[in-house]
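structure-v5.cif (mmCIF, C-alpha atoms) appears below.
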data_final
loop_
_atom_site.label_atom_id
_atom_site.label_comp_id
_atom_site.auth_asym_id
_atom_site.auth_seq_id
_atom_site.Cartn_x
_atom_site.Cartn_y
_atom_site.Cartn_z
CA MET S 1 101.46 84.55 57.14
CA LEU S 2 101.83 80.79 57.25
CA ASP S 3 104.49 79.41 59.55
CA ASN S 4 104.83 82.56 61.59
CA SER S 5 102.33 85.19 62.67
CA PRO S 6 102.56 88.95 63.28
CA LEU S 7 102.78 88.22 67.00
CA GLU S 8 106.10 86.49 66.43
CA ILE S 9 107.75 88.44 63.61
CA PRO S 10 110.95 90.10 64.88
CA ARG S 11 110.80 93.86 65.15
CA GLU S 12 113.54 94.26 62.52
CA LEU S 13 111.39 92.39 59.99
CA GLN S 14 108.03 94.06 60.53
CA SER S 15 108.53 96.77 57.91
CA LEU S 16 109.52 94.20 55.27
CA ALA S 17 106.65 91.94 56.32
CA ALA S 18 104.10 94.74 55.99
CA ALA S 19 105.42 95.68 52.54
CA SER S 20 105.36 92.06 51.41
CA ALA S 21 101.79 91.57 52.62
CA LYS S 22 100.67 94.54 50.51
CA MET S 23 102.43 93.07 47.47
CA TYR S 24 100.84 89.64 47.80
CA PRO S 25 97.56 90.06 45.86
CA GLU S 26 99.32 91.36 42.74
CA PHE S 27 102.16 88.86 43.18
CA VAL S 28 99.66 85.99 43.27
CA HIS S 29 97.66 87.40 40.36
CA GLU S 30 100.76 87.47 38.16
CA LEU S 31 101.83 83.97 39.16
CA GLN S 32 98.39 82.50 38.56
CA ASP S 33 98.00 84.32 35.25
CA GLU S 34 101.33 83.06 33.90
CA SER S 35 101.24 79.57 35.38
CA GLY S 36 97.57 78.62 35.32
CA VAL S 37 98.01 77.31 38.89
CA ASN S 38 95.65 78.34 41.69
CA VAL S 39 97.79 79.12 44.74
CA ASP S 40 94.79 79.23 47.09
CA LEU S 41 95.25 82.73 48.49
CA ARG S 42 92.65 83.04 51.24
CA GLU S 43 91.42 86.29 52.80
CA GLN S 44 89.37 84.94 55.69
CA GLY S 45 91.90 85.93 58.33
CA THR S 46 93.16 84.36 61.56
CA LEU S 47 91.65 83.63 64.94
CA LEU S 48 94.18 83.98 67.74
CA VAL S 49 93.20 81.80 70.69
CA HIS S 50 94.51 83.14 74.00
CA PRO S 51 96.51 85.88 72.24
CA ALA S 52 99.15 87.99 73.95
CA GLN S 53 97.70 91.28 72.75
CA ARG S 54 100.58 93.33 74.09
CA HIS S 55 102.83 91.71 71.47
CA LEU S 56 100.70 92.69 68.48
CA PRO S 57 102.49 95.11 66.13
CA ALA S 58 100.90 98.55 65.99
CA ASP S 59 99.82 98.16 62.35
CA CYS S 60 97.96 94.86 62.92
CA ALA S 61 94.20 95.10 62.64
CA ALA S 62 93.33 92.93 65.63
CA GLN S 63 89.73 92.86 66.83
CA ASP S 64 88.12 90.98 69.66
CA ALA S 65 85.99 88.07 68.59
CA PRO S 66 83.34 87.91 71.36
CA PRO S 67 82.42 84.41 72.54
CA ASP S 68 78.75 84.90 71.66
CA ASN S 69 79.75 85.46 68.02
CA LEU S 70 82.14 82.51 67.72
CA ALA S 71 79.37 80.02 67.00
CA LYS S 72 78.64 81.92 63.80
CA PHE S 73 82.16 83.18 63.12
CA GLU S 74 83.91 79.81 63.45
CA PRO S 75 81.44 77.05 64.35
CA ALA S 76 84.11 74.35 64.51
CA LEU S 77 86.09 76.04 67.29
CA ARG S 78 85.56 74.70 70.80
CA PRO S 79 83.00 77.05 72.41
CA GLU S 80 84.73 77.55 75.78
CA HIS S 81 87.64 79.42 74.17
CA ASN S 82 86.68 82.88 75.41
CA ALA S 83 89.96 84.68 74.78
CA VAL S 84 89.98 85.00 71.00
CA ALA S 85 91.07 87.84 68.71
CA TYR S 86 90.65 88.20 64.98
CA LEU S 87 93.58 89.22 62.81
CA LYS S 88 93.05 90.36 59.25
CA GLU S 89 95.74 88.45 57.37
CA ARG S 90 95.97 86.09 54.42
CA SER S 91 97.13 82.53 53.95
CA VAL S 92 98.45 80.75 50.89
CA ASP S 93 99.37 77.19 49.97
CA PRO S 94 103.21 77.05 49.87
CA ARG S 95 103.31 73.99 47.61
CA ALA S 96 100.98 75.57 45.09
CA LEU S 97 102.88 78.84 45.30
CA GLY S 98 106.17 77.09 44.59
CA GLY S 99 104.71 75.15 41.69
CA ALA S 100 103.20 78.31 40.22
CA ALA S 101 106.50 80.17 40.54
CA LEU S 102 108.31 77.36 38.74
CA LYS S 103 105.81 77.30 35.87
CA ALA S 104 105.81 81.10 35.62
CA ALA S 105 109.61 81.11 35.41
CA LYS S 106 109.52 78.56 32.61
CA HIS S 107 106.86 80.65 30.88
CA ARG S 108 109.41 83.48 30.86
CA ALA S 109 111.99 81.18 29.25
CA VAL S 110 114.05 80.69 32.40
CA ASP S 111 116.29 77.64 32.00
CA ILE S 112 115.97 75.45 35.10
CA ALA S 113 118.32 72.55 35.86
CA SER S 114 117.65 70.05 38.64
CA GLY S 115 118.85 66.72 39.95
CA SER S 116 122.35 67.66 41.08
CA GLU S 117 123.14 69.80 44.10
CA VAL S 118 125.39 72.83 43.90
CA GLU S 119 128.64 72.20 45.76
CA SER S 120 130.46 75.50 45.36
CA VAL S 121 130.51 78.91 43.73
CA LEU S 122 133.09 79.28 40.96
CA ILE S 123 135.49 82.15 41.63
CA GLU S 124 137.86 83.54 39.03
CA ARG S 125 139.94 86.67 39.53
CA GLU S 126 138.15 87.19 42.85
CA ARG S 127 134.73 87.32 41.18
CA ALA S 128 131.83 84.83 41.08
CA VAL S 129 131.46 83.38 37.58
CA GLY S 130 129.04 80.49 38.15
CA VAL S 131 128.44 77.36 40.22
CA ALA S 132 129.79 73.82 40.26
CA THR S 133 127.73 70.67 40.84
CA ARG S 134 128.92 67.09 41.08
CA LYS S 135 128.23 66.66 37.37
CA THR S 136 129.02 69.94 35.66
CA GLU S 137 129.48 73.70 35.89
CA TYR S 138 127.05 76.51 35.12
CA ARG S 139 128.54 79.87 34.14
CA ALA S 140 126.82 83.15 34.94
CA ARG S 141 127.68 86.81 35.51
CA THR S 142 125.70 86.80 38.75
CA VAL S 143 125.18 84.12 41.40
CA VAL S 144 122.49 84.28 44.10
CA ASN S 145 122.66 81.78 46.94
CA CYS S 146 119.05 81.12 47.94
CA ALA S 147 119.56 77.53 49.06
CA GLY S 148 117.63 77.88 52.30
CA ALA S 149 118.85 75.68 55.13
CA TRP S 150 121.61 74.40 52.82
CA ALA S 151 122.97 77.88 51.98
CA GLY S 152 125.81 77.54 54.45
CA GLN S 153 126.96 74.26 52.88
CA ILE S 154 127.99 75.92 49.62
CA GLY S 155 131.57 77.21 49.44
CA PRO S 156 133.57 79.30 49.49
CA GLN S 157 131.65 81.42 52.02
CA LYS S 158 130.06 79.68 54.99
CA PHE S 159 126.92 81.54 55.94
CA PRO S 160 125.75 80.58 59.45
CA THR S 161 122.46 78.99 58.44
CA ARG S 162 121.09 75.98 60.26
CA PRO S 163 118.10 73.71 59.58
CA VAL S 164 115.17 74.05 61.97
CA LYS S 165 112.88 71.08 61.53
CA GLY S 166 109.11 71.45 61.45
CA GLN S 167 106.80 68.43 61.49
CA MET S 168 103.18 68.80 60.37
CA LEU S 169 100.26 66.91 58.94
CA ALA S 170 97.18 67.36 56.80
CA VAL S 171 93.76 65.89 57.56
CA VAL S 172 90.57 65.50 55.55
CA GLY S 173 87.01 64.54 56.39
CA GLY S 174 86.63 66.80 59.40
CA PRO S 175 84.44 69.85 59.95
CA ALA S 176 84.66 72.94 57.79
CA VAL S 177 87.18 75.39 59.24
CA HIS S 178 86.89 78.89 57.79
CA HIS S 179 89.80 80.76 59.40
CA VAL S 180 93.39 80.06 60.25
CA ILE S 181 93.37 79.19 63.96
CA ARG S 182 96.43 79.84 66.08
CA THR S 183 97.47 79.18 69.63
CA PRO S 184 100.96 79.86 71.03
CA GLY S 185 102.13 76.35 70.05
CA LEU S 186 99.85 75.24 67.23
CA TYR S 187 98.16 76.36 64.04
CA LEU S 188 95.40 75.02 61.81
CA VAL S 189 95.27 76.24 58.22
CA PRO S 190 92.26 75.38 56.01
CA ARG S 191 92.85 74.85 52.31
CA GLY S 192 90.43 75.40 49.47
CA ASP S 193 90.35 71.69 48.61
CA GLY S 194 89.08 70.69 52.07
CA ARG S 195 92.41 69.82 53.68
CA ILE S 196 93.34 71.23 57.07
CA VAL S 197 97.07 71.60 57.71
CA ILE S 198 98.16 71.20 61.34
CA GLY S 199 101.57 72.25 62.57
CA SER S 200 104.22 72.72 63.53
CA THR S 201 107.23 71.77 65.61
CA LEU S 202 110.50 73.67 66.03
CA GLU S 203 113.38 71.20 66.29
CA ASP S 204 117.15 71.40 66.04
CA ALA S 205 117.54 68.00 64.38
CA GLY S 206 120.06 68.69 61.66
CA PHE S 207 119.02 67.75 58.15
CA ASP S 208 116.76 64.92 59.32
CA LYS S 209 113.39 65.25 57.56
CA ARG S 210 111.79 62.13 59.02
CA THR S 211 108.53 62.44 60.92
CA ASN S 212 107.92 60.91 64.34
CA PRO S 213 104.57 59.12 64.84
CA ASP S 214 104.32 60.28 68.47
CA THR S 215 104.92 63.90 67.48
CA ILE S 216 102.32 63.73 64.71
CA ARG S 217 99.82 62.20 67.14
CA GLN S 218 100.49 64.96 69.69
CA LEU S 219 99.89 67.65 67.07
CA LEU S 220 96.63 65.99 66.04
CA GLU S 221 95.43 65.67 69.64
CA ALA S 222 96.23 69.33 70.31
CA ALA S 223 94.24 70.28 67.20
CA ARG S 224 91.32 68.14 68.38
CA ARG S 225 91.25 70.00 71.67
CA LEU S 226 90.75 73.20 69.68
CA VAL S 227 88.36 71.73 67.12
CA PRO S 228 86.63 68.62 68.53
CA GLY S 229 85.12 67.74 65.15
CA LEU S 230 88.60 66.77 63.95
CA ARG S 231 88.14 63.45 65.78
CA LYS S 232 86.21 62.39 62.69
CA ALA S 233 89.01 63.44 60.35
CA ARG S 234 91.66 61.12 58.95
CA ILE S 235 95.31 61.86 58.33
CA LEU S 236 95.99 62.38 54.64
CA GLU S 237 99.75 62.83 54.99
CA ASP S 238 102.48 64.00 57.32
CA TRP S 239 105.84 65.52 56.51
CA ALA S 240 108.72 67.61 57.81
CA GLY S 241 110.42 70.65 56.38
CA LEU S 242 113.66 72.43 57.20
CA ARG S 243 113.49 76.15 57.86
CA PRO S 244 116.70 78.14 57.32
CA GLY S 245 117.60 79.60 60.70
CA THR S 246 120.40 82.01 61.59
CA PRO S 247 122.02 82.90 64.94
CA ASP S 248 119.78 85.98 65.32
CA ASP S 249 116.73 84.53 63.52
CA LEU S 250 116.94 87.20 60.81
CA PRO S 251 117.47 86.74 57.07
CA ILE S 252 120.74 87.25 55.23
CA LEU S 253 120.06 89.51 52.24
CA GLY S 254 122.29 91.37 49.82
CA ALA S 255 125.75 91.37 48.34
CA THR S 256 128.62 89.34 49.73
CA SER S 257 132.29 90.27 49.92
CA THR S 258 132.78 88.53 46.56
CA PRO S 259 131.80 90.63 43.52
CA GLY S 260 128.96 89.06 41.55
CA TYR S 261 127.89 86.86 44.48
CA PHE S 262 124.68 87.60 46.41
CA VAL S 263 122.75 85.83 49.13
CA ALA S 264 119.08 85.56 50.09
CA THR S 265 118.55 83.03 52.86
CA GLY S 266 117.89 82.65 56.59
CA HIS S 267 114.21 83.57 56.47
CA PHE S 268 113.47 81.01 59.21
CA ARG S 269 109.65 80.95 59.63
CA ASP S 270 108.92 83.89 57.32
CA GLY S 271 110.02 82.63 53.91
CA ILE S 272 106.60 82.48 52.26
CA LEU S 273 105.47 85.75 53.84
CA LEU S 274 108.58 87.59 52.64
CA ALA S 275 108.77 86.03 49.17
CA PRO S 276 107.54 89.05 47.13
CA VAL S 277 109.59 91.68 48.94
CA THR S 278 112.68 89.46 48.94
CA ALA S 279 112.39 89.07 45.17
CA GLN S 280 111.97 92.82 44.79
CA VAL S 281 114.93 93.94 46.89
CA MET S 282 117.26 91.24 45.56
CA ALA S 283 116.44 92.19 41.97
CA GLN S 284 117.20 95.81 42.82
CA ILE S 285 120.52 94.91 44.45
CA VAL S 286 121.62 92.58 41.66
CA MET S 287 120.81 95.25 39.06
CA GLY S 288 122.87 97.83 40.95
CA ALA S 289 119.90 99.91 42.13
CA LYS S 290 119.32 101.12 45.67
CA PRO S 291 116.84 98.80 47.40
CA GLU S 292 113.57 100.33 48.52
CA HIS S 293 114.07 99.03 52.04
CA ASP S 294 116.90 99.36 54.53
CA LEU S 295 118.67 96.00 54.60
CA ALA S 296 121.49 96.91 56.98
CA ALA S 297 120.18 94.55 59.68
CA PHE S 298 120.28 91.65 57.22
CA SER S 299 123.78 92.06 55.80
CA ALA S 300 126.02 88.99 55.71
CA ASP S 301 128.75 91.23 57.16
CA ARG S 302 127.13 91.08 60.60
CA PHE S 303 128.52 87.58 61.03
CA ALA S 304 132.06 88.46 60.00
CA SER S 305 134.54 87.70 62.78
#
Take the structure I supplied and represent it as structure tokens, if you would.
Amino acid sequence: MLDNSPLEIPRELQSLAAASAKMYPEFVHELQDESGVNVDLREQGTLLVHPAQRHLPADCAAQDAPPDNLAKFEPALRPEHNAVAYLKERSVDPRALGGAALKAAKHRAVDIASGSEVESVLIERERAVGVATRKTEYRARTVVNCAGAWAGQIGPQKFPTRPVKGQMLAVVGGPAVHHVIRTPGLYLVPRGDGRIVIGSTLEDAGFDKRTNPDTIRQLLEAARRLVPGLRKARILEDWAGLRPGTPDDLPILGATSTPGYFVATGHFRDGILLAPVTAQVMAQIVMGAKPEHDLAAFSADRFAS
């Protein structure tokens, strides 16, 4: 929905992605109600420029966007783009979503500690009993490793996650863009406050979160070729994030070989999209219930040697 699109979602994930998309409106409503934070869920949909239609999943509502309608449909888009399809999907602001989730958790009296990274899971009598940081220990009957790109750095189990760097930027002062606009190597995402987010790279650069001025300039120039009016825009900020990748680009979800220890990581480019359904299935697993979705393809056991 944000970093990835239905054209690129692996086949094994499409069922989970569809379920999560259906959950999103209620998920956002609950978060906003409890947190008071607007997460900027937008329903305008996506314009796919030069789309590979043969790769669209069967359940995607893709429609041609004829060139003679583009001037009204998306005035900012360069008019000579005559291979455009419309995809009915949503977008959301990840920062706002994360902030709302944090406030909603506190509203439910969840105790949150920060400022010291978890170094290992505490194991006693072959069962997880908490986590250890550099400063202290936190005891718990259940431990869930959802540390993203860092999940594999936490002992005793070494999940094969790796950081995949993505550089992006946000601009302001350009033309109004109404839809998410995607090409095979670029996306533009309008926000409700007038920002336009432009991204994103895919880099194996370790845990380096620095941005490169040349890369940011190349992203901006590519966006200007799509939307010429962005030449009037100014860069508000640029940043880099680290996606949690795995060897097969699929998440790791479920129980581990250690009782009381669970994992939810490796979502790669689909973390925001899969947030509601991940929360649902992990809660079911932790509580000892049968998950509503088949998670066999995402088991940590698939990496066991």
*Test item: residues at most 12 Å from Asp193 in chain S, all atoms listed in the file, excluding those fewer than 6 positions along its chain, as a VMD selection string*: chain S and resid 38 to 40 42 93 96 170 to 173 176 to 177
Could you save those same residues with C-alpha atoms as a PDB file, in the frame of the given file?
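Contents of selection-v1.pdb, freshly written:
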ATOM      1  CA  ASN S  38      95.650  78.340  41.690  1.00  0.00           C
ATOM      2  CA  VAL S  39      97.790  79.120  44.740  1.00  0.00           C
ATOM      3  CA  ASP S  40      94.790  79.230  47.090  1.00  0.00           C
ATOM      4  CA  ARG S  42      92.650  83.040  51.240  1.00  0.00           C
ATOM      5  CA  ASP S  93      99.370  77.190  49.970  1.00  0.00           C
ATOM      6  CA  ALA S  96     100.980  75.570  45.090  1.00  0.00           C
ATOM      7  CA  ALA S 170      97.180  67.360  56.800  1.00  0.00           C
ATOM      8  CA  VAL S 171      93.760  65.890  57.560  1.00  0.00           C
ATOM      9  CA  VAL S 172      90.570  65.500  55.550  1.00  0.00           C
ATOM     10  CA  GLY S 173      87.010  64.540  56.390  1.00  0.00           C
ATOM     11  CA  ALA S 176      84.660  72.940  57.790  1.00  0.00           C
ATOM     12  CA  VAL S 177      87.180  75.390  59.240  1.00  0.00           C
TER      13      VAL S 177
END
Name the residues captured by the PyMOL selection byres ((chain S and resi 213) around 12) when it is applied to the shown file; answer as a JSON list (two decimals) with C-alpha atoms, keeping the file's coordinate frame.
[["chain", "number", "residue", "atom", "x", "y", "z"],
["S", 167, "GLN", "CA", 106.80, 68.43, 61.49],
["S", 168, "MET", "CA", 103.18, 68.80, 60.37],
["S", 169, "LEU", "CA", 100.26, 66.91, 58.94],
["S", 210, "ARG", "CA", 111.79, 62.13, 59.02],
["S", 211, "THR", "CA", 108.53, 62.44, 60.92],
["S", 212, "ASN", "CA", 107.92, 60.91, 64.34],
["S", 214, "ASP", "CA", 104.32, 60.28, 68.47],
["S", 215, "THR", "CA", 104.92, 63.90, 67.48],
["S", 216, "ILE", "CA", 102.32, 63.73, 64.71],
["S", 217, "ARG", "CA", 99.82, 62.20, 67.14],
["S", 218, "GLN", "CA", 100.49, 64.96, 69.69],
["S", 219, "LEU", "CA", 99.89, 67.65, 67.07],
["S", 220, "LEU", "CA", 96.63, 65.99, 66.04],
["S", 235, "ILE", "CA", 95.31, 61.86, 58.33],
["S", 237, "GLU", "CA", 99.75, 62.83, 54.99],
["S", 238, "ASP", "CA", 102.48, 64.00, 57.32],
["S", 239, "TRP", "CA", 105.84, 65.52, 56.51],
["S", 240, "ALA", "CA", 108.72, 67.61, 57.81]]
_Need to verify the contact set: range 122-130 of chain S, 7 Å, all atoms listed in the file, exclusion of same-chain residues closer than 4 positions in sequence. Can you return it as a ChimeraX atom specification?_
/S:138-143,258-261
May I have the selected residues written with C-alpha atoms, as a PDB file, in the frame of the given file?
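The result, written out as out_7.pdb:
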ATOM      1  CA  TYR S 138     127.050  76.510  35.120  1.00  0.00           C
ATOM      2  CA  ARG S 139     128.540  79.870  34.140  1.00  0.00           C
ATOM      3  CA  ALA S 140     126.820  83.150  34.940  1.00  0.00           C
ATOM      4  CA  ARG S 141     127.680  86.810  35.510  1.00  0.00           C
ATOM      5  CA  THR S 142     125.700  86.800  38.750  1.00  0.00           C
ATOM      6  CA  VAL S 143     125.180  84.120  41.400  1.00  0.00           C
ATOM      7  CA  THR S 258     132.780  88.530  46.560  1.00  0.00           C
ATOM      8  CA  PRO S 259     131.800  90.630  43.520  1.00  0.00           C
ATOM      9  CA  GLY S 260     128.960  89.060  41.550  1.00  0.00           C
ATOM     10  CA  TYR S 261     127.890  86.860  44.480  1.00  0.00           C
TER      11      TYR S 261
END
*So which residues get picked by the PyMOL selection byres ((chain S and resi 76) around 12) here, written as a PyMOL selection string?*
chain S and resi 47+70-75+77-81+174-181+188+190+223-231
_For Gly148 in chain S, find every residue with an atom within 7 Å (counting all atoms listed in the file), except residues of its own chain fewer than 3 positions away, and show them as an MDAnalysis selection string._
chainID S and resid 151 244 265:266
_Selected residue of minimal separation from Thr246 in chain S among S:Thr161, S:Thr183, S:Thr278, S:Gln284, counting all atoms listed in the file_ = S:Thr161
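Distances to Arg162 in chain S were evaluated for S:Tyr24, S:Phe268, S:Phe298, S:Phe262 using only C-alpha atoms, and the minimum falls at S:Phe268.
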*Fewer than 2 positions away in the same chain doesn't count, so skip those; otherwise give me all residues within 9 Å of range 15-23 of chain S, counting all atoms listed in the file, as a PyMOL selection string.*
chain S and resi 1+6+9+11-13+25-28+59+89-90+270+273-278+293
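The interatomic distance for the pair CA of Ser299 in chain S and CA of Phe159 in chain S works out to 11.0 Å.
Among the candidates S:Gly199, S:Thr256, S:Val92, S:Ser35, the residue lying nearest to Pro156 in chain S is S:Thr256 (atoms considered: all atoms listed in the file).
Among the candidates S:Val263, S:Glu137, S:Gln153, S:Ile272, the residue lying nearest to Leu41 in chain S is S:Ile272 (atoms considered: all atoms listed in the file).
Each of S:Ala264, S:Ala297, S:Val164, S:Val110 was compared to Glu203 in chain S using all atoms listed in the file, and S:Val164 turns out to be the nearest.
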*Extract, using only C-alpha atoms, all DNA, RNA and protein residues at most 9 Å from Lys165 in chain S, discarding same-chain residues fewer than 2 positions from it, and format them as a PyMOL selection string.*
chain S and resi 163+167+201-209+240-243
*Enter the distance from CA of His107 in chain S to CA of Pro251 in chain S, in Å, rounded to one decimal.*
28.9 Å
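Across the model, the gap from CA of Leu186 in chain S to CA of Cys146 in chain S is 27.8 Å.
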*Hey, which of S:Arg269, S:Ala147, S:Ser257, S:Ala101 ends up closest to Glu8 in chain S? Count all atoms listed in the file.*
S:Arg269
